[in-house]
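Visitor: Got a structure for you, written out below as structure tokens; questions coming shortly.
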Amino acid sequence: MNPHPKLSADAIIPPRRNAPGIAHAGETVVAIGTSTGGTQALETVLKALPADAPAIVVVQHMPERFTATFAERLNTTCRIEVREAKSGDRVHAGRALVAPGGRHMLLVRRGGQYAVEVVDGPPVNRHRPSVDVLFRSVAQCAGANAIGIIMTGMGDDGACGLREMFDAGAHTVAQDERSCVVFGMPRVAIELGGVRVVLPLARIAEVISSARPR
């Protein structure tokens, strides 16, 4: 028997079946998941965004203590605010919250506003934080008001969650094979039918920027 079974997002956040329609919350939420090669890919995307870019939540597979330094470095080079997430942090335009290494991050709705919760729990798809956990929470809280983006990474974390976002009406994007360091996560997401658009890395910031209020 495998002493470390591969758990799904059910271990952290239960699936919601026959959920009622999600009311418009006033802001678009962009959820990004990435792994191997993702630190460079995220820097490329986030540096290209304007200061009033839509709210962003990010899971990058990184060990504990590394995510804070990563977020601080991005914050010095990006026009948006980038910070490691803490429970209760508001999710709003002009800010990107990065899940802390070693913990899961969920999107929650409090009245008409979004925030994040950072929680403990077992690894999902052998990762903590897990992209699937974040994407499922976004599907449940934001529905069609969200954009889901899966980028370079090994394995399949995020593929099922992106399909849940797709089914909830979100616009979903996968990075193309040519611009990925590892095409594992985007490939599985495409195979599961959860991707509406496949784009090179250089065009992903355009998708995010186009969701700004006019």
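Identifiers in the structure tokens: chain A, B, ... in order shown; residue index from 1 per chain; ligand index from 1 in order shown.
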Excluding Met185 (chain A) and any residue of its chain fewer than 3 positions from it, enumerate the residues within 12 Å of it, using only C-alpha atoms, and give them as number ranges by chain.

Guide: A: 32-38, 61, 125, 131-132, 149-162, 173-177, 180-182, 188-192, 194-195

Visitor: Create the file for the chosen residues now, containing N, CA and C atoms and written as a compact mmCIF listing (two decimals), in the first residue's frame.

Guide:
```txt
# COMPACT_ATOMS: atom_id res chain seq x y z
N ILE A 32 -4.73 31.75 -10.65
CA ILE A 32 -3.61 31.22 -11.43
C ILE A 32 -2.98 30.06 -10.67
N GLY A 33 -2.73 28.96 -11.37
CA GLY A 33 -2.04 27.82 -10.78
C GLY A 33 -0.86 27.42 -11.62
N THR A 34 0.28 27.16 -10.97
CA THR A 34 1.49 26.83 -11.70
C THR A 34 2.47 26.08 -10.80
N SER A 35 3.47 25.47 -11.43
CA SER A 35 4.44 24.68 -10.68
C SER A 35 5.82 24.83 -11.32
N THR A 36 6.38 23.76 -11.84
CA THR A 36 7.74 23.81 -12.40
C THR A 36 7.84 24.85 -13.50
N GLY A 37 8.77 25.78 -13.36
CA GLY A 37 8.92 26.87 -14.32
C GLY A 37 8.00 28.03 -14.04
N GLY A 38 7.19 27.91 -13.01
CA GLY A 38 6.15 28.89 -12.76
C GLY A 38 6.64 30.21 -12.19
N HIS A 61 3.53 26.11 -6.62
CA HIS A 61 4.10 25.07 -5.78
C HIS A 61 5.50 25.48 -5.32
N ASN A 125 -3.22 16.17 -4.24
CA ASN A 125 -2.36 15.84 -5.39
C ASN A 125 -0.89 15.90 -5.00
N VAL A 131 -3.34 23.65 -6.27
CA VAL A 131 -4.10 24.43 -7.24
C VAL A 131 -5.56 23.97 -7.28
N ASP A 132 -5.78 22.66 -7.18
CA ASP A 132 -7.16 22.15 -7.21
C ASP A 132 -8.00 22.73 -6.08
N ILE A 149 -6.53 30.24 -14.84
CA ILE A 149 -5.36 30.13 -15.71
C ILE A 149 -4.44 29.06 -15.14
N ILE A 150 -4.13 28.06 -15.96
CA ILE A 150 -3.20 27.02 -15.54
C ILE A 150 -1.96 27.11 -16.42
N MET A 151 -0.81 27.14 -15.77
CA MET A 151 0.44 27.38 -16.49
C MET A 151 1.42 26.24 -16.25
N THR A 152 2.62 26.43 -16.70
CA THR A 152 3.65 25.40 -16.70
C THR A 152 3.75 24.65 -15.37
N GLY A 153 3.90 23.34 -15.45
CA GLY A 153 4.04 22.56 -14.24
C GLY A 153 3.95 21.07 -14.50
N MET A 154 4.61 20.30 -13.64
CA MET A 154 4.61 18.85 -13.74
C MET A 154 3.40 18.28 -13.02
N GLY A 155 2.86 17.17 -13.54
CA GLY A 155 1.76 16.49 -12.87
C GLY A 155 0.41 16.97 -13.35
N ASP A 156 -0.60 16.88 -12.46
CA ASP A 156 -1.97 17.21 -12.89
C ASP A 156 -2.71 18.10 -11.89
N ASP A 157 -2.02 18.64 -10.90
CA ASP A 157 -2.71 19.49 -9.93
C ASP A 157 -3.33 20.69 -10.65
N GLY A 158 -4.58 20.95 -10.36
CA GLY A 158 -5.29 22.06 -10.98
C GLY A 158 -6.17 21.68 -12.14
N ALA A 159 -5.94 20.53 -12.76
CA ALA A 159 -6.72 20.16 -13.95
C ALA A 159 -8.18 19.93 -13.60
N CYS A 160 -8.45 19.19 -12.54
CA CYS A 160 -9.84 18.95 -12.14
C CYS A 160 -10.51 20.24 -11.66
N GLY A 161 -9.77 21.04 -10.91
CA GLY A 161 -10.32 22.29 -10.42
C GLY A 161 -10.64 23.25 -11.55
N LEU A 162 -9.80 23.27 -12.59
CA LEU A 162 -10.08 24.14 -13.73
C LEU A 162 -11.34 23.68 -14.45
N VAL A 173 -8.13 29.30 -19.18
CA VAL A 173 -7.00 29.46 -20.09
C VAL A 173 -5.89 28.49 -19.69
N ALA A 174 -5.24 27.89 -20.67
CA ALA A 174 -4.05 27.08 -20.44
C ALA A 174 -2.88 27.64 -21.23
N GLN A 175 -1.71 27.63 -20.62
CA GLN A 175 -0.50 28.02 -21.33
C GLN A 175 -0.16 26.96 -22.37
N ASP A 176 0.30 27.39 -23.53
CA ASP A 176 0.57 26.43 -24.59
C ASP A 176 1.87 25.67 -24.35
N GLU A 177 1.99 24.54 -25.06
CA GLU A 177 3.12 23.65 -24.84
C GLU A 177 4.45 24.31 -25.17
N CYS A 180 5.75 26.49 -22.31
CA CYS A 180 5.87 25.86 -20.99
C CYS A 180 7.25 25.26 -20.78
N VAL A 181 7.74 25.32 -19.55
CA VAL A 181 8.92 24.54 -19.18
C VAL A 181 8.53 23.07 -19.10
N VAL A 182 7.37 22.79 -18.48
CA VAL A 182 6.81 21.44 -18.41
C VAL A 182 5.32 21.56 -18.74
N VAL A 188 -3.05 18.07 -19.03
CA VAL A 188 -4.13 17.29 -18.41
C VAL A 188 -5.41 18.12 -18.35
N ALA A 189 -5.28 19.41 -18.07
CA ALA A 189 -6.47 20.28 -18.05
C ALA A 189 -7.15 20.31 -19.40
N ILE A 190 -6.37 20.38 -20.47
CA ILE A 190 -6.93 20.36 -21.82
C ILE A 190 -7.62 19.03 -22.09
N GLU A 191 -6.97 17.94 -21.70
CA GLU A 191 -7.54 16.60 -21.92
C GLU A 191 -8.86 16.42 -21.18
N LEU A 192 -9.01 17.06 -20.00
CA LEU A 192 -10.24 16.95 -19.22
C LEU A 192 -11.37 17.84 -19.76
N GLY A 194 -11.50 21.17 -19.71
CA GLY A 194 -11.77 22.33 -18.88
C GLY A 194 -11.16 23.62 -19.37
N VAL A 195 -10.64 23.64 -20.60
CA VAL A 195 -9.92 24.81 -21.11
C VAL A 195 -10.67 25.40 -22.30
```

Visitor: Fewer than 6 positions away in the same chain doesn't count, so skip those; otherwise give me all residues within 10 Å of region 142-146 of chain A, counting only C-alpha atoms, as a PyMOL selection string.

Guide: chain A and resi 21-31+54-56+107-109+114+135-136+164-172+211

Visitor: Per DSSP on the backbone, what are the helix (DSSP H, G or I) residues of region 37-169 of chain A, as a ChimeraX atom specification?

Guide: /A:38-47,66-77,131-141,143-145,159-167

Visitor: Within region 101-135 of chain A, find each residue whose DSSP state, derived from the backbone, is strand (DSSP E or B), and express the selection as JSON, numbers by chain.

Guide: {"A": [104, 105, 106, 107, 108, 109, 110, 113, 114, 115, 116, 117, 118, 119, 124, 127]}

Visitor: Give the answer as one residue: which of A:Arg212, A:Arg103, A:Lys47, A:Arg163 has the shortest atom-to-atom distance to Arg65 (chain A), using only C-alpha atoms?

Guide: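 The closest residue to Arg65 (chain A) is A:Arg103.
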
Visitor: Return the single residue from A:Ala99, A:Leu134, A:Val119, A:Ile12 that is closest to Phe66 (chain A), with distances computed using only C-alpha atoms.

Guide: A:Ala99

Visitor: I need the residue nearest His92 (chain A) from this list: A:Val58, A:Glu72, A:Ala53, A:Gly111. Use only C-alpha atoms for the distance.

Guide: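 Looking only at the distances to His92 (chain A), the closest residue turns out to be A:Ala53.
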
Visitor: To one decimal place in Å, what is the distance between CA of Lys86 (chain A) and CA of Ala48 (chain A)?

Guide: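 Going from CA of Lys86 (chain A) over to CA of Ala48 (chain A) covers 24.7 Å.
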
Visitor: Would you please work out which residue, of A:Gly94, A:Gly101, A:Pro15, A:Pro200, is nearest to Thr67 (chain A) when using only C-alpha atoms?

Guide: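 So, comparing all the options, the nearest one is A:Gly101.
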
Visitor: Using only C-alpha atoms, which of A:His104, A:Arg73, A:Arg178, A:Arg83 sits nearest Thr39 (chain A)?

Guide: A:Arg73
